[in-house]
>>> print(open('data.csv').read())   # CSV, C-alpha atoms
chain,number,residue,atom,x,y,z
A,1,MET,CA,-24.6,10.8,17.3
A,2,SER,CA,-24.4,14.6,17.5
A,3,PHE,CA,-21.4,16.7,16.8
A,4,ASP,CA,-22.7,19.7,18.7
A,5,ASN,CA,-19.7,19.9,21.1
A,6,PHE,CA,-17.1,18.4,18.8
A,7,PRO,CA,-14.0,20.4,19.8
A,8,LEU,CA,-13.4,18.8,23.2
A,9,GLN,CA,-10.0,18.8,24.8
A,10,GLU,CA,-9.0,16.2,27.3
A,11,GLY,CA,-7.4,18.8,29.5
A,12,SER,CA,-10.6,20.9,29.8
A,13,ALA,CA,-12.9,18.1,30.9
A,14,GLU,CA,-14.2,19.9,33.9
A,15,ASP,CA,-15.0,23.1,31.9
A,16,THR,CA,-16.7,21.1,29.2
A,17,PHE,CA,-19.2,19.5,31.6
A,18,GLY,CA,-19.8,22.8,33.5
A,19,MET,CA,-18.1,21.9,36.8
A,20,ASN,CA,-15.7,23.9,38.9
A,21,ASN,CA,-12.5,22.6,40.4
A,22,ALA,CA,-14.1,21.7,43.8
A,23,GLU,CA,-16.6,19.3,42.1
A,24,ALA,CA,-14.0,17.7,39.9
A,25,SER,CA,-11.5,17.1,42.6
A,26,THR,CA,-12.6,13.6,43.3
A,27,GLU,CA,-10.5,11.0,41.6
A,28,GLY,CA,-13.5,8.8,40.6
A,29,PHE,CA,-15.2,11.5,38.7
A,30,LEU,CA,-12.1,12.7,37.0
A,31,GLY,CA,-11.2,9.2,35.9
A,32,ASN,CA,-14.8,8.7,34.7
A,33,THR,CA,-14.6,11.9,32.7
A,34,VAL,CA,-11.4,10.9,30.9
A,35,SER,CA,-12.9,7.6,30.0
A,36,GLN,CA,-16.0,9.4,28.7
A,37,LEU,CA,-13.9,11.6,26.6
A,38,ARG,CA,-11.9,8.6,25.3
A,39,THR,CA,-15.2,6.8,24.4
A,40,LEU,CA,-16.4,10.0,22.7
A,41,TRP,CA,-13.2,10.3,20.6
A,42,GLN,CA,-13.4,6.6,19.8
A,43,GLN,CA,-16.9,7.0,18.5
A,44,ARG,CA,-15.8,9.9,16.4
A,45,LEU,CA,-12.9,7.9,15.0
A,46,CYS,CA,-15.3,5.1,14.2
A,47,LEU,CA,-17.4,7.6,12.2
A,48,PHE,CA,-14.3,8.8,10.4
A,49,ARG,CA,-13.4,5.1,9.7
A,50,ASP,CA,-16.8,4.4,8.3
A,51,ALA,CA,-16.8,7.5,6.2
A,52,GLU,CA,-13.4,6.4,4.8
A,53,LYS,CA,-14.7,2.9,4.1
A,54,SER,CA,-17.8,4.2,2.2
A,55,LEU,CA,-15.6,6.5,0.2
A,56,GLN,CA,-13.4,3.6,-0.8
A,57,LYS,CA,-16.4,1.6,-1.7
A,58,ALA,CA,-17.8,4.4,-3.9
A,59,LYS,CA,-14.4,4.8,-5.6
A,60,ARG,CA,-14.3,1.0,-6.4
A,61,LEU,CA,-17.8,1.1,-7.8
A,62,MET,CA,-16.9,4.1,-10.0
A,63,ALA,CA,-13.8,2.3,-11.2
A,64,ALA,CA,-15.8,-0.9,-12.0
A,65,TRP,CA,-18.3,1.1,-14.0
A,66,MET,CA,-15.5,2.9,-15.8
A,67,VAL,CA,-14.0,-0.5,-16.8
A,68,VAL,CA,-17.5,-1.6,-18.1
A,69,VAL,CA,-17.7,1.6,-20.2
A,70,VAL,CA,-14.2,1.2,-21.6
A,71,ALA,CA,-14.8,-2.5,-22.3
A,72,GLY,CA,-18.1,-1.8,-24.0
A,73,PHE,CA,-16.8,1.0,-26.0
A,74,SER,CA,-13.8,-1.0,-27.1
A,75,MET,CA,-15.9,-3.9,-28.2
A,76,LEU,CA,-18.3,-1.6,-30.1
A,77,SER,CA,-15.5,0.2,-31.9
A,78,PHE,CA,-13.8,-3.1,-32.7
A,79,SER,CA,-17.1,-4.5,-34.1
A,80,LEU,CA,-17.9,-1.4,-36.1
A,81,PHE,CA,-14.5,-0.9,-37.8
A,82,VAL,CA,-13.5,-4.5,-38.4
A,83,ALA,CA,-15.3,-7.0,-40.6
A,84,PRO,CA,-18.3,-8.4,-38.7
A,85,VAL,CA,-16.6,-11.1,-36.6
A,86,THR,CA,-18.8,-10.9,-33.5
A,87,SER,CA,-22.4,-12.2,-33.4
A,88,GLU,CA,-25.4,-10.0,-33.0
A,89,TRP,CA,-26.0,-10.9,-29.4
A,90,MET,CA,-22.5,-10.0,-28.5
A,91,PHE,CA,-22.7,-6.6,-30.3
A,92,ALA,CA,-26.0,-5.9,-28.5
A,93,GLY,CA,-24.5,-7.0,-25.1
A,94,GLY,CA,-21.6,-4.6,-25.7
A,95,PHE,CA,-23.9,-1.8,-26.6
A,96,ILE,CA,-26.1,-2.4,-23.5
A,97,ALA,CA,-23.0,-2.6,-21.2
A,98,PHE,CA,-21.7,0.7,-22.7
A,99,ALA,CA,-25.1,2.4,-22.4
A,100,MET,CA,-25.6,1.2,-18.8
A,101,GLY,CA,-22.1,2.4,-17.9
A,102,MET,CA,-22.7,5.8,-19.4
A,103,ILE,CA,-25.9,6.1,-17.4
A,104,PHE,CA,-24.5,5.0,-14.0
A,105,GLN,CA,-21.1,6.7,-14.3
A,106,PRO,CA,-22.5,10.2,-13.4
A,107,PHE,CA,-24.3,8.8,-10.4
A,108,CYS,CA,-21.2,7.2,-9.2
A,109,TYR,CA,-19.3,10.4,-9.6
A,110,VAL,CA,-21.9,12.3,-7.5
A,111,TRP,CA,-21.8,9.6,-4.9
A,112,VAL,CA,-18.0,9.7,-4.7
A,113,LYS,CA,-18.1,13.5,-4.4
A,114,GLN,CA,-20.7,13.3,-1.6
A,115,GLN,CA,-18.7,10.7,0.3
A,116,ARG,CA,-15.5,12.7,0.0
A,117,LYS,CA,-17.3,15.8,1.2
A,118,HIS,CA,-18.6,13.9,4.3
A,119,ARG,CA,-15.1,12.5,5.0
A,120,ASP,CA,-13.5,15.9,4.6
A,121,ALA,CA,-16.1,17.5,7.0
A,122,LEU,CA,-15.2,15.0,9.7
A,123,SER,CA,-11.5,15.5,9.1
A,124,ARG,CA,-12.0,19.3,9.3
A,125,ARG,CA,-13.6,18.9,12.7
A,126,PHE,CA,-10.7,17.0,14.0
A,127,TYR,CA,-8.4,19.7,12.7
A,128,VAL,CA,-10.4,22.5,14.3
A,129,SER,CA,-10.2,20.7,17.6
A,130,ASN,CA,-6.4,20.7,17.3
A,131,HIS,CA,-6.2,16.9,16.5
A,132,GLU,CA,-5.1,14.9,13.5
A,133,VAL,CA,-5.9,11.4,12.4
A,134,GLU,CA,-2.9,9.2,11.5
A,135,ILE,CA,-3.5,6.0,9.6
A,136,THR,CA,-1.2,3.1,10.5
A,137,ASP,CA,-1.2,-0.5,9.3
A,138,SER,CA,-4.0,-1.6,11.6
A,139,HIS,CA,-5.3,1.4,13.5
A,140,LEU,CA,-6.6,4.9,13.2
A,141,VAL,CA,-4.7,7.0,15.8
A,142,LEU,CA,-5.9,10.3,17.1
A,143,ILE,CA,-3.0,12.6,17.8
A,144,ASN,CA,-3.2,15.8,19.8
A,145,ARG,CA,-1.3,18.4,17.7
A,146,GLY,CA,-0.5,20.5,20.8
A,147,ASN,CA,1.9,17.9,22.3
A,148,TYR,CA,1.8,15.2,19.6
A,149,ALA,CA,0.6,12.6,22.1
A,150,ALA,CA,-1.7,9.8,21.0
A,151,VAL,CA,-5.1,10.4,22.5
A,152,THR,CA,-6.8,7.1,21.4
A,153,GLN,CA,-6.9,4.6,18.6
A,154,VAL,CA,-9.4,2.5,16.8
A,155,PRO,CA,-8.8,-0.6,14.7
A,156,ILE,CA,-9.3,-0.2,11.0
A,157,LEU,CA,-10.7,-3.7,10.5
A,158,GLU,CA,-13.6,-4.7,12.7
A,159,HIS,CA,-13.9,-8.3,13.9
>>> encode(input="data.csv", output="structure tokens")
Amino acid sequence: MSFDNFPLQEGSAEDTFGMNNAEASTEGFLGNTVSQLRTLWQQRLCLFRDAEKSLQKAKRLMAAWMVVVVAGFSMLSFSLFVAPVTSEWMFAGGFIAFAMGMIFQPFCYVWVKQQRKHRDALSRRFYVSNHEVEITDSHLVLINRGNYAAVTQVPILEH
């Protein structure tokens, strides 16, 4: 999907598609145009929802690797400063977990940063087009900031 004409307004549907008032006077076409705009906004909200989901997934992965790093470091420091209570394979396992966590944590950080940048770019485009996205319990709602009317909504969870 392309974002070439992202800042569309529902009120300017005729101007957006290059028609004058005489061509847009038929009810069928005007209704079809509004439904096309609604579909377009829903597709864009779905893109925003998917970007938000991937950001949350990246954050969870980063948190999981951070837990692995802390657990591995804690086990290593406990094994080094206390009398040798753990077996060799457990010490080696803790060292491997710590090393893997230290290797993958920077990659997770970059992935979270890239996902956040993508989500913020989509959010910025909504803001430029004078809209805002409100997150409710079960839906993403697109609100026109000019009159604070709900333009469309998309469910957060897909079935």
>>> atom_distance(input="data.csv", atom1="CA of Thr86 in chain A", atom2="CA of Gly101 in chain A")
20.8 Å
>>> residues_around(input="data.csv", residues="Leu45 in chain A", least_positions_apart="4", cutoff="8 Å", atoms="only C-alpha atoms", output="short mmCIF file (atom, residue, chain, number, x, y, z; two decimals) with C-alpha atoms, in the coordinates of the input")
data_model
loop_
_atom_site.label_atom_id
_atom_site.label_comp_id
_atom_site.auth_asym_id
_atom_site.auth_seq_id
_atom_site.Cartn_x
_atom_site.Cartn_y
_atom_site.Cartn_z
CA TRP A 41 -13.20 10.30 20.60
CA ARG A 49 -13.40 5.10 9.70
CA LEU A 140 -6.60 4.90 13.20
CA LEU A 142 -5.90 10.30 17.10
CA GLN A 153 -6.90 4.60 18.60
CA VAL A 154 -9.40 2.50 16.80
#
>>> closest_residue(input="data.csv", among="A:Glu52, A:Ala92, A:Phe98, A:Ala58", to="Gly72 in chain A", atoms="all atoms listed in the file")
A:Phe98
>>> closest_residue(input="data.csv", among="A:Phe78, A:Arg44, A:Met66, A:Val128", to="Met100 in chain A", atoms="all atoms listed in the file")
A:Met66
>>> atom_distance(input="data.csv", atom1="CA of Lys117 in chain A", atom2="CA of Val69 in chain A")
25.7 Å
>>> closest_residue(input="data.csv", among="A:Val82, A:Leu40, A:Met62, A:Ile135", to="Pro106 in chain A", atoms="all atoms listed in the file")
A:Met62
>>> atom_distance(input="data.csv", atom1="CA of Arg124 in chain A", atom2="CA of Asn147 in chain A")
19.1 Å
>>> closest_residue(input="data.csv", among="A:Lys57, A:Thr33, A:His131, A:Thr136", to="Ala149 in chain A", atoms="only C-alpha atoms")
A:His131
>>> closest_residue(input="data.csv", among="A:Phe107, A:Phe126, A:Ala51, A:Leu157", to="Ser138 in chain A", atoms="only C-alpha atoms")
A:Leu157
>>> residues_around(input="data.csv", residues="Lys59 in chain A", least_positions_apart="4", cutoff="10 Å", atoms="only C-alpha atoms", output="number ranges by chain")
A: 53-55, 63-65, 108-109, 111-113, 115-116
>>> write_last_selection(input="data.csv", atoms="C-alpha atoms", output="tab-separated table (two decimals), keeping the file's coordinate frame")
chain	number	residue	atom	x	y	z
A	53	LYS	CA	-14.70	2.90	4.10
A	54	SER	CA	-17.80	4.20	2.20
A	55	LEU	CA	-15.60	6.50	0.20
A	63	ALA	CA	-13.80	2.30	-11.20
A	64	ALA	CA	-15.80	-0.90	-12.00
A	65	TRP	CA	-18.30	1.10	-14.00
A	108	CYS	CA	-21.20	7.20	-9.20
A	109	TYR	CA	-19.30	10.40	-9.60
A	111	TRP	CA	-21.80	9.60	-4.90
A	112	VAL	CA	-18.00	9.70	-4.70
A	113	LYS	CA	-18.10	13.50	-4.40
A	115	GLN	CA	-18.70	10.70	0.30
A	116	ARG	CA	-15.50	12.70	0.00
>>> closest_residue(input="data.csv", among="A:Phe81, A:Phe48, A:Val34, A:Met75", to="Glu132 in chain A", atoms="all atoms listed in the file")
A:Phe48
